Amino acid sequence: MSQLENKTFDQKVTRRDLIKLFGASAVAASGIFGASSQAFAKSAAHVVILGGGIGGSTFAKYLRFADADVKITIIEQYPEYITCLRSNDVIAGMHTLDELTFNLETIKSKYHVNVVIDTVVGADFNKKTVRTAKGDNFSYDKLVVSPGIDFKFEDYEGYDAELAATDFPHAYKAGPQTLKLREQMLNMRQGGTAIIAPPQNPFRCPPGPYERASFFAEYFKKHNPTAKLIVLDPKERFTKDVPFKKAWERLYGYKSDNALIEWVAGSEGGRVVRLDAATKTVETDGGDFKADLINIIPNQRAGVLAQKLGLTNASGWCSIDRYSMESELHKEVYVLGDSAIADAMPKSGFSANSQAKVCAKAVADTLKGKNLEDPVYANVCYSLAGENYGVSIAAVYEVRDGLIQPKGESAGVSEVTELTAQPILESVYQKNWQRQFVKDVFS
Amino acid sequence: MPSLAGMPAEQIIESMMAFKKGTRPAIIMDRVSRGYTDDEIKTMAYFFTKQPLKQWDDTTLAESVAAQAAGSIGAPK
Ligand SMILES: Cc1cc2nc3c(=O)[nH]c(=O)nc-3n(C[C@H](O)[C@H](O)[C@H](O)COP(=O)(O)OP(=O)(O)OC[C@H]3O[C@@H](n4cnc5c(N)ncnc54)[C@H](O)[C@@H]3O)c2cc1C
Ligand code: HEM
C-alpha cells in the first residue's frame with residue numbers, strides 16, 4: 001500500500017496496483033433463480049410490463065428465470081433505451097451516448113419475451129386490459145409498471161419542457177439534452193459562470209447532480225481555470241455530502257479563494273424559484289444569479305404513465321406493498337423503480353433492478369399459489385467526484401415495522417481516509433460495476 | 001479478480017466475516033457484509049460454490065454493448 005499512499009488523489013491506477021492493495025477481488029453477478037426457457041402453454045398466465053427501462057427489463061428477465069411457462073409482454077415506447085447511468089460521463093467526454101444505448105432484442109430472443117414498441121395510453125383495471133397509442137389492447141393477469149419519472153416544471157416560474165428541450169437542458173433523462181449540456185460547457189467563455197440547481201427530495205439518482213457538478217469543476221480545472229460552478233440547492237444536505245465535499249476540497253479548491261465550485265444551501269438562499277431565460281438569470285430565495293450556463297434539474301414525481309393510470313397518491317409517487325411491490329391502490333398491478341415509494345431506498349437503477357428481482361419472485365410465487373417470502377433488497381450508488389475519484393453509498397434492506405429499512409449495520413457512505421488508493425479503487429470498481437450491471441439488465 | 005461462482009464456500013464465508021469485522025480492507029464489502037446475518041452468508045456461500053466456475057471478465061463498455069447485441073436477433077445500435 002505504501003507505494004499508492006505516496007501518490008496524489010488525482011491519478012489513474014494500474015491493475016498491478018490493485019492487486020497489491022487488496023489481492024484479488026470480485027463482484028457478485030450471478031443469477032438467483034437458475035434459468036430455463038420453453039414455449040408457453042395456452043393456459044399460461046400473461047404478465048404485461050409497461051416500460052422497458054431498468055426496472056421493466058430486469059423484471060422480464062428474472063420472471064423468466066422464476067417461471068419458464070408464464071407469458072411475458074413488455075410494452076416500451078422507444079425502440080432504444082439510453083441509460084442515464086454514466087450519462088454524466090458523456091457531458092465530461094468520457095463516453096459517447098452510443099456506448100450507453102441498449103435495446104430489448106436480447107430480452108426478447110433469449111428469454112422469450114414478447115416486445116411491443118408502442119406507447120401505453122390507458123388501462124382498464126376491471127377488465128384487466130391496457131391500451132396503446134396504435135390502438136392495440138392487451139389483456140393481462142398481472143400488470144407491472146416501471147415508467148421512470150416526470151418533471152415538475154411548474155415549481156419554477158419561467159421554466160418549461162420546451163426550454164429544457166432547447167437552451168436550458170435538464171439532461172436528467174439521457175439523450176439529446178445530455179449532448180446539448182456538454183456543448184454548452186465546452187462553449188462557455190473563459191472565466192464564465194455555470195449554475196447547477198439540484199431538485200428537492202425525493203428524486204432520481206440523488207448523487208447525480210453532485211457528480212455532474214464535480215465533472216464541471218474537473219473540466220474547468222483543465223480548460224477554463226478562471227470559470228466557476230455554483231450549485232444552488234434547495235436542501236441543507238445531500239447524499240454523500242461529506243465525501244463529495246472532501247473530494248471537492250482535494251481536487252477543486254472548494255472553500256478556498258480560487259474555488260472552482262461553490263455550494264449554496266437552501267437556508268443560504270439556494271432554492272431556485274424563477275428562470276429569466278432572456279437574461280440568463282435565476283432568481284432564488286436569496287436573490288438573483290446571472291450565469292453563462294444554467295442547468296436546472298427540476299423537482300420530480302412518478303412517471304406520467306403512473307399518474308395517468310391513477311397509481312399515484314397525494315405525494316405524486318406510488319405507494320406499494322413492501323413485500324411484493326404490488327400497488328396499494330390497485331390489486332394485481334405492481335410498480336417498480338423510480339415511481340415507487342420505497343422508503344429508505346434511493347431512486348436508482350440499482351434499486352429498480354433489486355426491486356424488479358423481488359417483484360419477479362413475488363409474482364411467480366403468487367401465480368403458483370405459494371406464500372411470499374420476506375424480501376431482501378440492496379442498493380449501491382457509486383459516483384465519481386472526478387474521473388479517477390469515486391465515492392459510494394451502500395445498504396442492504398429488509399422490511400421492518402412496515403417500511404423498507406437498512407438491514408444490520410449495512411447503511412453507510414465511503415469513509416474519508418488519507419489513503420489515496422481508496423477513491424481511486426472506488427472509481428475503478430464503479431466503472432466495472434456499471435458494465436456488469438447493464439449486462440444484468442439487458443442481456 | 002475471482003468471481004464468486006465456484007469459489008470454495010469456506011473462502012467466501014471467511015472473507016465475509018473478515019469484511020464484517022473490518023480485518024480485511026474493503027471499498028464496498030465492509031457495508032454490504034454487515035447487511036447479512038452469519039446464516040445468510042452461509043446460504044449465499046453454498047449457493048455460489050455450486051455455480052459453475054467463472055473467470056472474472058474485466059469488460060469494457062463496448063463489450064457490454066456487444067454482448068447484448070450478440071445475444072439478439074436484430075442488429076444492435
Ligand atoms: C445523470 C444520471 C445518472 C444516473 N446514474 C446512476 C448510477 O450510476 N447508478 C444507478 O443505479 N442509477 C443511476 N441513475 C438512476 C437510474 O437511471 C434510474 O433510477 C432508473 O433508470 C430507474 O428505472 P425505472 O425502470 O424506474 O425507469 P426508466 O429506466 O427511466 O425506465 C422507464 C421506461 O418506461 C418507458 N415508458 C414511460 N412511459 C411509457 C408509456 N406510456 N408507454 C410505454 N413506455 C413508457 C420509458 O421510455 C422508459 O424506457 C442515474 C440517473 C441520472 C439522471
Ligand atoms: C450488493 C452488491 C455487491 C457489490 C456492489 C459488491 C462489490 C464488491 C467489491 C467492490 C469487492 C472487492 C472488495 C471491496 O473493495 O469491497 C467485493 C468482494 C467480495 N464480495 Fe462483494 N459485492 C456485492 C455483494 C456481495 C454479496 C451479496 C456477497 C455474498 C457472498 C459478496 C461476497 C464477496 C466476497 C466473498 C468478496 C471477496 C472476493 C475475493 O477477493 O476473494 N458480495 N465485492
# chains A, B, ... in the order shown; residues from 1 in each chain; ligands from 1

$ residues_near_ligand --ligand "ligand 1" --cutoff "7 Å" --atoms "only C-alpha atoms and all ligand atoms" --output "CSV table (one decimal) with N, CA, C and O atoms, in the first residue's frame"
chain,number,residue,atom,x,y,z
A,50,LEU,N,-45.2,-2.5,-18.4
A,50,LEU,CA,-45.2,-1.2,-19.1
A,50,LEU,C,-43.9,-0.5,-18.8
A,50,LEU,O,-43.6,-0.1,-17.6
A,51,GLY,N,-43.1,-0.3,-19.8
A,51,GLY,CA,-41.8,0.4,-19.6
A,51,GLY,C,-40.7,-0.6,-19.6
A,51,GLY,O,-40.6,-1.4,-18.7
A,52,GLY,N,-39.8,-0.5,-20.6
A,52,GLY,CA,-38.7,-1.5,-20.7
A,52,GLY,C,-37.4,-0.8,-20.4
A,52,GLY,O,-36.4,-1.0,-21.1
A,53,GLY,N,-37.4,0.0,-19.3
A,53,GLY,CA,-36.2,0.6,-18.8
A,53,GLY,C,-35.5,-0.4,-17.9
A,53,GLY,O,-35.6,-1.6,-18.0
A,54,ILE,N,-34.8,0.2,-16.9
A,54,ILE,CA,-34.1,-0.7,-15.9
A,54,ILE,C,-35.0,-1.6,-15.2
A,54,ILE,O,-34.8,-2.8,-15.1
A,55,GLY,N,-36.1,-1.1,-14.6
A,55,GLY,CA,-37.0,-1.9,-13.8
A,55,GLY,C,-37.7,-3.0,-14.7
A,55,GLY,O,-37.7,-4.2,-14.4
A,56,GLY,N,-38.3,-2.5,-15.8
A,56,GLY,CA,-39.1,-3.4,-16.6
A,56,GLY,C,-38.3,-4.5,-17.3
A,56,GLY,O,-38.7,-5.7,-17.3
A,75,ILE,N,-44.3,-3.6,-23.0
A,75,ILE,CA,-44.7,-2.5,-24.0
A,75,ILE,C,-43.8,-1.3,-23.6
A,75,ILE,O,-43.8,-0.8,-22.5
A,76,GLU,N,-43.0,-0.9,-24.6
A,76,GLU,CA,-42.0,0.2,-24.4
A,76,GLU,C,-42.2,1.1,-25.5
A,76,GLU,O,-42.2,0.7,-26.7
A,77,GLN,N,-42.2,2.4,-25.2
A,77,GLN,CA,-42.5,3.4,-26.2
A,77,GLN,C,-41.3,3.6,-27.2
A,77,GLN,O,-41.6,4.0,-28.4
A,78,TYR,N,-40.1,3.5,-26.8
A,78,TYR,CA,-38.9,3.7,-27.7
A,78,TYR,C,-38.2,2.4,-28.1
A,78,TYR,O,-38.0,1.6,-27.3
A,81,TYR,N,-33.1,2.3,-25.7
A,81,TYR,CA,-33.0,2.9,-24.3
A,81,TYR,C,-31.6,3.4,-24.1
A,81,TYR,O,-30.6,2.6,-24.2
A,83,THR,N,-29.2,4.5,-21.2
A,83,THR,CA,-29.1,4.5,-19.8
A,83,THR,C,-28.6,5.9,-19.3
A,83,THR,O,-27.7,6.5,-19.8
A,84,CYS,N,-29.3,6.3,-18.2
A,84,CYS,CA,-28.8,7.5,-17.5
A,84,CYS,C,-27.5,7.2,-16.8
A,84,CYS,O,-26.7,8.1,-16.6
A,85,LEU,N,-27.4,6.0,-16.4
A,85,LEU,CA,-26.2,5.6,-15.7
A,85,LEU,C,-25.0,6.0,-16.6
A,85,LEU,O,-24.9,5.6,-17.7
A,86,ARG,N,-24.0,6.7,-16.0
A,86,ARG,CA,-22.8,7.1,-16.7
A,86,ARG,C,-23.1,8.2,-17.7
A,86,ARG,O,-22.2,8.5,-18.5
A,87,SER,N,-24.3,8.7,-17.8
A,87,SER,CA,-24.6,9.8,-18.8
A,87,SER,C,-23.9,11.1,-18.4
A,87,SER,O,-23.6,11.9,-19.3
A,88,ASN,N,-23.6,11.3,-17.1
A,88,ASN,CA,-22.8,12.5,-16.7
A,88,ASN,C,-21.4,12.4,-17.4
A,88,ASN,O,-20.8,13.4,-17.7
A,118,ASP,N,-44.5,0.6,-28.5
A,118,ASP,CA,-45.8,1.4,-28.7
A,118,ASP,C,-45.9,2.1,-27.3
A,118,ASP,O,-45.3,1.8,-26.3
A,119,THR,N,-46.7,3.2,-27.4
A,119,THR,CA,-46.9,4.0,-26.1
A,119,THR,C,-48.2,3.6,-25.5
A,119,THR,O,-49.2,3.5,-26.1
A,120,VAL,N,-48.1,3.3,-24.2
A,120,VAL,CA,-49.3,2.9,-23.4
A,120,VAL,C,-50.1,4.2,-23.1
A,120,VAL,O,-49.5,5.1,-22.6
A,121,VAL,N,-51.4,4.2,-23.4
A,121,VAL,CA,-52.2,5.4,-23.2
A,121,VAL,C,-53.3,5.2,-22.1
A,121,VAL,O,-53.8,6.2,-21.5
A,146,SER,N,-43.2,0.3,-14.7
A,146,SER,CA,-41.9,0.9,-14.3
A,146,SER,C,-41.6,2.1,-15.3
A,146,SER,O,-40.7,2.0,-16.1
A,147,PRO,N,-42.3,3.2,-15.2
A,147,PRO,CA,-42.3,4.2,-16.2
A,147,PRO,C,-41.3,5.4,-15.9
A,147,PRO,O,-41.3,6.4,-16.6
A,148,GLY,N,-40.5,5.2,-14.8
A,148,GLY,CA,-39.5,6.3,-14.5
A,148,GLY,C,-40.1,7.5,-13.9
A,148,GLY,O,-41.1,7.4,-13.1
A,149,ILE,N,-39.6,8.7,-14.3
A,149,ILE,CA,-40.1,10.0,-13.6
A,149,ILE,C,-40.7,11.0,-14.5
A,149,ILE,O,-40.6,10.9,-15.7
A,172,TYR,N,-31.7,15.2,-17.5
A,172,TYR,CA,-31.9,14.2,-16.4
A,172,TYR,C,-32.6,13.0,-16.9
A,172,TYR,O,-33.1,12.2,-16.1
A,173,LYS,N,-32.8,13.0,-18.2
A,173,LYS,CA,-33.1,11.8,-19.0
A,173,LYS,C,-32.1,11.8,-20.1
A,173,LYS,O,-32.0,12.7,-20.8
A,174,ALA,N,-31.3,10.7,-20.2
A,174,ALA,CA,-30.2,10.7,-21.1
A,174,ALA,C,-30.7,10.8,-22.5
A,174,ALA,O,-31.7,10.2,-22.9
A,204,ARG,N,-34.8,11.1,-8.7
A,204,ARG,CA,-34.0,10.1,-9.3
A,204,ARG,C,-32.5,10.3,-9.1
A,204,ARG,O,-32.0,11.5,-9.2
A,205,CYS,N,-31.7,9.3,-8.8
A,205,CYS,CA,-30.3,9.4,-8.6
A,205,CYS,C,-29.8,10.6,-7.7
A,205,CYS,O,-29.3,11.6,-8.2
A,208,GLY,N,-26.6,12.3,-8.5
A,208,GLY,CA,-26.4,12.7,-9.9
A,208,GLY,C,-26.0,14.1,-10.1
A,208,GLY,O,-25.0,14.4,-10.8
A,303,GLY,N,-43.6,8.8,-13.0
A,303,GLY,CA,-43.7,8.9,-14.5
A,303,GLY,C,-45.2,9.3,-14.9
A,303,GLY,O,-46.1,8.8,-14.2
A,304,VAL,N,-45.3,10.0,-16.0
A,304,VAL,CA,-46.7,10.4,-16.5
A,304,VAL,C,-47.6,9.2,-16.5
A,304,VAL,O,-48.8,9.3,-16.1
A,305,LEU,N,-47.1,8.1,-17.0
A,305,LEU,CA,-48.0,6.9,-17.1
A,305,LEU,C,-48.6,6.5,-15.8
A,305,LEU,O,-49.8,6.2,-15.7
A,336,LEU,N,-42.6,-0.5,-10.0
A,336,LEU,CA,-41.2,-0.7,-9.8
A,336,LEU,C,-40.4,0.6,-10.0
A,336,LEU,O,-40.9,1.5,-10.7
A,337,GLY,N,-39.2,0.7,-9.4
A,337,GLY,CA,-38.2,1.7,-9.8
A,337,GLY,C,-38.6,3.1,-9.2
A,337,GLY,O,-39.2,3.3,-8.2
A,338,ASP,N,-38.2,4.1,-10.0
A,338,ASP,CA,-38.3,5.5,-9.6
A,338,ASP,C,-39.7,5.9,-9.1
A,338,ASP,O,-39.8,6.7,-8.2
A,339,SER,N,-40.7,5.4,-9.8
A,339,SER,CA,-42.1,5.8,-9.5
A,339,SER,C,-42.5,5.3,-8.1
A,339,SER,O,-43.4,5.9,-7.5
A,347,LYS,N,-33.9,6.4,-5.2
A,347,LYS,CA,-34.3,6.1,-6.6
A,347,LYS,C,-33.2,5.9,-7.5
A,347,LYS,O,-32.6,6.9,-8.1
A,348,SER,N,-32.7,4.7,-7.7
A,348,SER,CA,-31.5,4.4,-8.5
A,348,SER,C,-31.8,3.3,-9.4
A,348,SER,O,-32.8,2.5,-9.2
A,349,GLY,N,-31.0,3.1,-10.4
A,349,GLY,CA,-31.1,1.9,-11.3
A,349,GLY,C,-30.8,0.7,-10.5
A,349,GLY,O,-31.5,-0.3,-10.7
A,350,PHE,N,-29.9,0.7,-9.6
A,350,PHE,CA,-29.6,-0.4,-8.7
A,350,PHE,C,-30.8,-0.8,-7.9
A,350,PHE,O,-31.2,-2.0,-7.9
A,351,SER,N,-31.5,0.2,-7.3
A,351,SER,CA,-32.7,-0.1,-6.6
A,351,SER,C,-33.8,-0.7,-7.5
A,351,SER,O,-34.4,-1.7,-7.1
A,352,ALA,N,-34.0,-0.1,-8.7
A,352,ALA,CA,-35.0,-0.6,-9.6
A,352,ALA,C,-34.8,-2.0,-10.0
A,352,ALA,O,-35.7,-2.9,-10.0
A,381,CYS,N,-24.9,3.0,-4.6
A,381,CYS,CA,-24.8,4.1,-5.6
A,381,CYS,C,-23.3,4.5,-5.6
A,381,CYS,O,-22.8,5.1,-4.6
A,382,TYR,N,-22.7,4.3,-6.7
A,382,TYR,CA,-21.3,4.7,-6.9
A,382,TYR,C,-21.4,6.1,-7.7
A,382,TYR,O,-22.2,6.2,-8.6
A,383,SER,N,-20.6,7.0,-7.4
A,383,SER,CA,-20.5,8.2,-8.2
A,383,SER,C,-19.0,8.6,-8.3
A,383,SER,O,-18.2,8.2,-7.5

$ closest_atom_pairs --of "chain B" --to "ligand 2" --cutoff "10 Å" --atoms "only C-alpha atoms and all ligand atoms" --output "tab-separated table"
residue	atom	partner	partner_atom_place_in_ligand_line	distance
B:Met1	CA	ligand 2	40 (O)	6.6
B:Pro2	CA	ligand 2	39 (C)	6.1
B:Ser3	CA	ligand 2	38 (C)	7.1
B:Leu4	CA	ligand 2	35 (C)	6.5
B:Ala5	CA	ligand 2	30 (C)	9.8
B:Met7	CA	ligand 2	41 (O)	8.2
B:Pro8	CA	ligand 2	35 (C)	9.7
B:Ala9	CA	ligand 2	35 (C)	8.9
B:Glu10	CA	ligand 2	35 (C)	9.5
B:Gln11	CA	ligand 2	35 (C)	7.0
B:Ile12	CA	ligand 2	35 (C)	4.1
B:Ile13	CA	ligand 2	35 (C)	6.7
B:Glu14	CA	ligand 2	35 (C)	7.7
B:Ser15	CA	ligand 2	35 (C)	5.0
B:Met16	CA	ligand 2	35 (C)	5.5
B:Met17	CA	ligand 2	35 (C)	9.1
B:Ala18	CA	ligand 2	35 (C)	9.5
B:Phe19	CA	ligand 2	16 (O)	7.9
B:Arg24	CA	ligand 2	13 (C)	8.7
B:Pro25	CA	ligand 2	15 (O)	7.0
B:Ala26	CA	ligand 2	16 (O)	3.7
B:Ile27	CA	ligand 2	15 (O)	3.5
B:Ile28	CA	ligand 2	16 (O)	3.7
B:Met29	CA	ligand 2	16 (O)	3.7
B:Asp30	CA	ligand 2	16 (O)	6.2
B:Arg31	CA	ligand 2	16 (O)	8.3
B:Val32	CA	ligand 2	1 (C)	5.9
B:Ser33	CA	ligand 2	28 (C)	7.0
B:Gly35	CA	ligand 2	27 (C)	8.9
B:Tyr36	CA	ligand 2	27 (C)	8.2
B:Glu40	CA	ligand 2	29 (C)	8.5
B:Ile41	CA	ligand 2	30 (C)	5.8
B:Lys42	CA	ligand 2	30 (C)	7.9
B:Thr43	CA	ligand 2	30 (C)	8.5
B:Met44	CA	ligand 2	30 (C)	5.3
B:Ala45	CA	ligand 2	30 (C)	5.4
B:Tyr46	CA	ligand 2	30 (C)	9.0
B:Phe47	CA	ligand 2	30 (C)	8.8
B:Phe48	CA	ligand 2	30 (C)	7.5
B:Thr49	CA	ligand 2	30 (C)	9.8

$ write_last_selection --atoms "C-alpha atoms" --output "PDB file, in the first residue's frame"
ATOM      1  CA  MET B   1     -10.287 -10.802  -9.967  1.00  0.00           C
ATOM      2  CA  PRO B   2     -12.055 -14.005  -8.888  1.00  0.00           C
ATOM      3  CA  SER B   3     -15.768 -14.460  -9.423  1.00  0.00           C
ATOM      4  CA  LEU B   4     -17.816 -15.815  -6.516  1.00  0.00           C
ATOM      5  CA  ALA B   5     -19.226 -18.543  -8.783  1.00  0.00           C
ATOM      6  CA  MET B   7     -15.365 -20.236  -5.119  1.00  0.00           C
ATOM      7  CA  PRO B   8     -14.993 -22.604  -2.128  1.00  0.00           C
ATOM      8  CA  ALA B   9     -17.718 -21.834   0.400  1.00  0.00           C
ATOM      9  CA  GLU B  10     -15.231 -21.534   3.294  1.00  0.00           C
ATOM     10  CA  GLN B  11     -13.316 -18.884   1.388  1.00  0.00           C
ATOM     11  CA  ILE B  12     -16.463 -16.831   0.819  1.00  0.00           C
ATOM     12  CA  ILE B  13     -17.511 -17.195   4.463  1.00  0.00           C
ATOM     13  CA  GLU B  14     -14.052 -16.277   5.772  1.00  0.00           C
ATOM     14  CA  SER B  15     -13.872 -13.228   3.502  1.00  0.00           C
ATOM     15  CA  MET B  16     -17.313 -12.060   4.548  1.00  0.00           C
ATOM     16  CA  MET B  17     -16.505 -12.459   8.244  1.00  0.00           C
ATOM     17  CA  ALA B  18     -13.266 -10.522   7.764  1.00  0.00           C
ATOM     18  CA  PHE B  19     -15.116  -7.755   5.891  1.00  0.00           C
ATOM     19  CA  ARG B  24      -9.975  -7.191   5.547  1.00  0.00           C
ATOM     20  CA  PRO B  25      -9.771  -3.801   3.803  1.00  0.00           C
ATOM     21  CA  ALA B  26     -12.721  -3.063   1.556  1.00  0.00           C
ATOM     22  CA  ILE B  27     -14.297  -0.423  -0.596  1.00  0.00           C
ATOM     23  CA  ILE B  28     -17.877  -1.710  -0.637  1.00  0.00           C
ATOM     24  CA  MET B  29     -17.932  -5.057   1.109  1.00  0.00           C
ATOM     25  CA  ASP B  30     -17.465  -3.548   4.582  1.00  0.00           C
ATOM     26  CA  ARG B  31     -21.011  -2.198   4.351  1.00  0.00           C
ATOM     27  CA  VAL B  32     -22.551  -4.991   2.270  1.00  0.00           C
ATOM     28  CA  SER B  33     -21.243  -7.711   4.627  1.00  0.00           C
ATOM     29  CA  GLY B  35     -26.193  -6.305   5.990  1.00  0.00           C
ATOM     30  CA  TYR B  36     -26.274 -10.079   6.280  1.00  0.00           C
ATOM     31  CA  GLU B  40     -27.490 -15.702   5.316  1.00  0.00           C
ATOM     32  CA  ILE B  41     -23.821 -15.516   4.435  1.00  0.00           C
ATOM     33  CA  LYS B  42     -23.552 -19.303   4.689  1.00  0.00           C
ATOM     34  CA  THR B  43     -26.616 -19.761   2.480  1.00  0.00           C
ATOM     35  CA  MET B  44     -25.142 -17.479  -0.182  1.00  0.00           C
ATOM     36  CA  ALA B  45     -21.719 -19.124   0.096  1.00  0.00           C
ATOM     37  CA  TYR B  46     -23.219 -22.583  -0.516  1.00  0.00           C
ATOM     38  CA  PHE B  47     -25.189 -21.187  -3.424  1.00  0.00           C
ATOM     39  CA  PHE B  48     -22.199 -19.555  -5.086  1.00  0.00           C
ATOM     40  CA  THR B  49     -19.884 -22.507  -4.552  1.00  0.00           C
TER      41      THR B  49
END

$ closest_residue --among "A:Ser139, A:Thr101, A:Ser324, A:Thr129" --to "His46 (chain A)" --atoms "only C-alpha atoms"
A:Ser139

$ atom_distance --atom1 "CA of Lys240 (chain A)" --atom2 "CA of Ile261 (chain A)"
16.5 Å

$ select_by_dssp --residues "region 73-122 of chain A" --states "alpha helix (DSSP H)" --output "MDAnalysis selection string"
chainID A and resid 87:92 105:111

$ write_last_selection --atoms "N, CA and C atoms" --output "compact mmCIF listing (two decimals), in the first residue's frame"
# COMPACT_ATOMS: atom_id res chain seq x y z
N SER A 87 -24.34 8.75 -17.78
CA SER A 87 -24.60 9.78 -18.78
C SER A 87 -23.91 11.09 -18.40
N ASN A 88 -23.62 11.28 -17.11
CA ASN A 88 -22.81 12.45 -16.74
C ASN A 88 -21.42 12.36 -17.38
N ASP A 89 -20.93 11.12 -17.56
CA ASP A 89 -19.62 10.93 -18.21
C ASP A 89 -19.63 11.46 -19.64
N VAL A 90 -20.81 11.40 -20.27
CA VAL A 90 -20.93 11.88 -21.65
C VAL A 90 -20.73 13.40 -21.67
N ILE A 91 -21.26 14.07 -20.66
CA ILE A 91 -21.07 15.52 -20.55
C ILE A 91 -19.57 15.82 -20.42
N ALA A 92 -18.88 14.97 -19.65
CA ALA A 92 -17.45 15.17 -19.43
C ALA A 92 -16.60 14.64 -20.58
N GLU A 105 -33.80 -6.48 -27.72
CA GLU A 105 -33.72 -7.65 -28.61
C GLU A 105 -33.28 -8.92 -27.87
N THR A 106 -32.31 -8.77 -26.98
CA THR A 106 -31.82 -9.96 -26.27
C THR A 106 -32.85 -10.47 -25.28
N ILE A 107 -33.51 -9.53 -24.61
CA ILE A 107 -34.57 -9.92 -23.68
C ILE A 107 -35.64 -10.71 -24.45
N LYS A 108 -35.93 -10.26 -25.66
CA LYS A 108 -36.94 -10.90 -26.49
C LYS A 108 -36.51 -12.31 -26.90
N SER A 109 -35.29 -12.42 -27.45
CA SER A 109 -34.90 -13.70 -28.04
C SER A 109 -34.42 -14.71 -26.99
N LYS A 110 -33.67 -14.23 -26.01
CA LYS A 110 -33.07 -15.17 -25.05
C LYS A 110 -34.07 -15.60 -23.98
N TYR A 111 -34.99 -14.72 -23.64
CA TYR A 111 -35.88 -15.04 -22.52
C TYR A 111 -37.35 -15.18 -22.95

$ atom_distance --atom1 "CA of Ile49 (chain A)" --atom2 "CA of Ala342 (chain A)"
19.2 Å

$ closest_residue --among "A:Asp136, A:Asp257, A:Glu398, A:Glu283" --to "Arg322 (chain A)" --atoms "only C-alpha atoms"
A:Glu398

$ atom_distance --atom1 "CA of Ile297 (chain A)" --atom2 "CA of Pro199 (chain A)"
5.7 Å

$ select_by_dssp --residues "region 160-403 of chain A" --states "strand (DSSP E or B)" --output "PyMOL selection string"
chain A and resi 193-197+204+228-232+261-264+272-276+281-284+287-290+293-296+300-302+318-320+326-327+333-335+340-341+347+377-386+389-400+403

$ write_last_selection --atoms "C-alpha atoms" --output "JSON list (two decimals), in the first residue's frame"
[["chain", "number", "residue", "atom", "x", "y", "z"],
["A", 193, "THR", "CA", -20.17, 31.14, -14.51],
["A", 194, "ALA", "CA", -22.22, 27.96, -14.64],
["A", 195, "ILE", "CA", -25.14, 27.08, -12.39],
["A", 196, "ILE", "CA", -26.43, 23.65, -11.49],
["A", 197, "ALA", "CA", -29.68, 23.66, -9.48],
["A", 204, "ARG", "CA", -33.97, 10.07, -9.30],
["A", 228, "LYS", "CA", -16.75, 28.90, -11.65],
["A", 229, "LEU", "CA", -19.58, 26.50, -10.96],
["A", 230, "ILE", "CA", -22.26, 27.42, -8.44],
["A", 231, "VAL", "CA", -24.56, 24.72, -7.07],
["A", 232, "LEU", "CA", -27.84, 26.32, -5.98],
["A", 261, "ILE", "CA", -17.01, 25.10, -7.16],
["A", 262, "GLU", "CA", -19.31, 26.75, -4.68],
["A", 263, "TRP", "CA", -22.33, 25.16, -2.98],
["A", 264, "VAL", "CA", -25.23, 27.25, -1.65],
["A", 272, "VAL", "CA", -34.33, 28.48, -7.36],
["A", 273, "VAL", "CA", -37.86, 29.83, -7.89],
["A", 274, "ARG", "CA", -37.68, 31.52, -11.31],
["A", 275, "LEU", "CA", -35.75, 31.46, -14.56],
["A", 276, "ASP", "CA", -35.39, 34.51, -16.77],
["A", 281, "THR", "CA", -30.71, 34.80, -14.70],
["A", 282, "VAL", "CA", -32.18, 32.64, -11.98],
["A", 283, "GLU", "CA", -34.00, 34.06, -9.01],
["A", 284, "THR", "CA", -33.55, 32.27, -5.69],
["A", 287, "GLY", "CA", -31.54, 36.92, -4.74],
["A", 288, "ASP", "CA", -30.61, 36.82, -8.43],
["A", 289, "PHE", "CA", -27.76, 34.92, -10.04],
["A", 290, "LYS", "CA", -26.70, 35.67, -13.61],
["A", 293, "LEU", "CA", -24.90, 28.32, -18.41],
["A", 294, "ILE", "CA", -27.92, 27.26, -16.37],
["A", 295, "ASN", "CA", -28.76, 23.64, -15.63],
["A", 296, "ILE", "CA", -31.94, 23.37, -13.56],
["A", 300, "GLN", "CA", -39.88, 15.27, -9.72],
["A", 301, "ARG", "CA", -42.85, 12.92, -9.39],
["A", 302, "ALA", "CA", -43.77, 9.48, -10.70],
["A", 318, "CYS", "CA", -46.87, 5.30, -5.98],
["A", 319, "SER", "CA", -47.37, 3.56, -2.64],
["A", 320, "ILE", "CA", -46.61, -0.14, -2.74],
["A", 326, "GLU", "CA", -47.85, -4.50, -5.56],
["A", 327, "SER", "CA", -49.69, -1.17, -5.72],
["A", 333, "VAL", "CA", -50.75, -4.04, -10.53],
["A", 334, "TYR", "CA", -47.12, -3.71, -9.43],
["A", 335, "VAL", "CA", -44.97, -0.58, -9.53],
["A", 340, "ALA", "CA", -42.46, 3.63, -6.36],
["A", 341, "ILE", "CA", -42.27, 4.80, -2.76],
["A", 347, "LYS", "CA", -34.34, 6.10, -6.60],
["A", 377, "TYR", "CA", -33.25, -5.56, -1.25],
["A", 378, "ALA", "CA", -29.90, -3.90, -1.90],
["A", 379, "ASN", "CA", -28.53, -0.68, -3.30],
["A", 380, "VAL", "CA", -25.07, 0.64, -4.04],
["A", 381, "CYS", "CA", -24.76, 4.09, -5.60],
["A", 382, "TYR", "CA", -21.31, 4.74, -6.92],
["A", 383, "SER", "CA", -20.47, 8.22, -8.17],
["A", 384, "LEU", "CA", -17.43, 9.94, -9.50],
["A", 385, "ALA", "CA", -16.17, 13.15, -7.92],
["A", 386, "GLY", "CA", -13.57, 13.22, -10.68],
["A", 389, "TYR", "CA", -12.08, 9.57, -7.77],
["A", 390, "GLY", "CA", -15.09, 7.51, -6.64],
["A", 391, "VAL", "CA", -17.45, 7.82, -3.68],
["A", 392, "SER", "CA", -20.19, 5.39, -2.73],
["A", 393, "ILE", "CA", -23.20, 4.78, -0.55],
["A", 394, "ALA", "CA", -24.43, 1.26, 0.14],
["A", 395, "ALA", "CA", -27.06, -0.61, 2.09],
["A", 396, "VAL", "CA", -28.87, -3.93, 2.24],
["A", 397, "TYR", "CA", -32.58, -3.54, 3.09],
["A", 398, "GLU", "CA", -35.39, -5.51, 4.73],
["A", 399, "VAL", "CA", -39.00, -4.74, 5.64],
["A", 400, "ARG", "CA", -39.24, -3.70, 9.30],
["A", 403, "LEU", "CA", -41.14, 0.10, 5.98]]
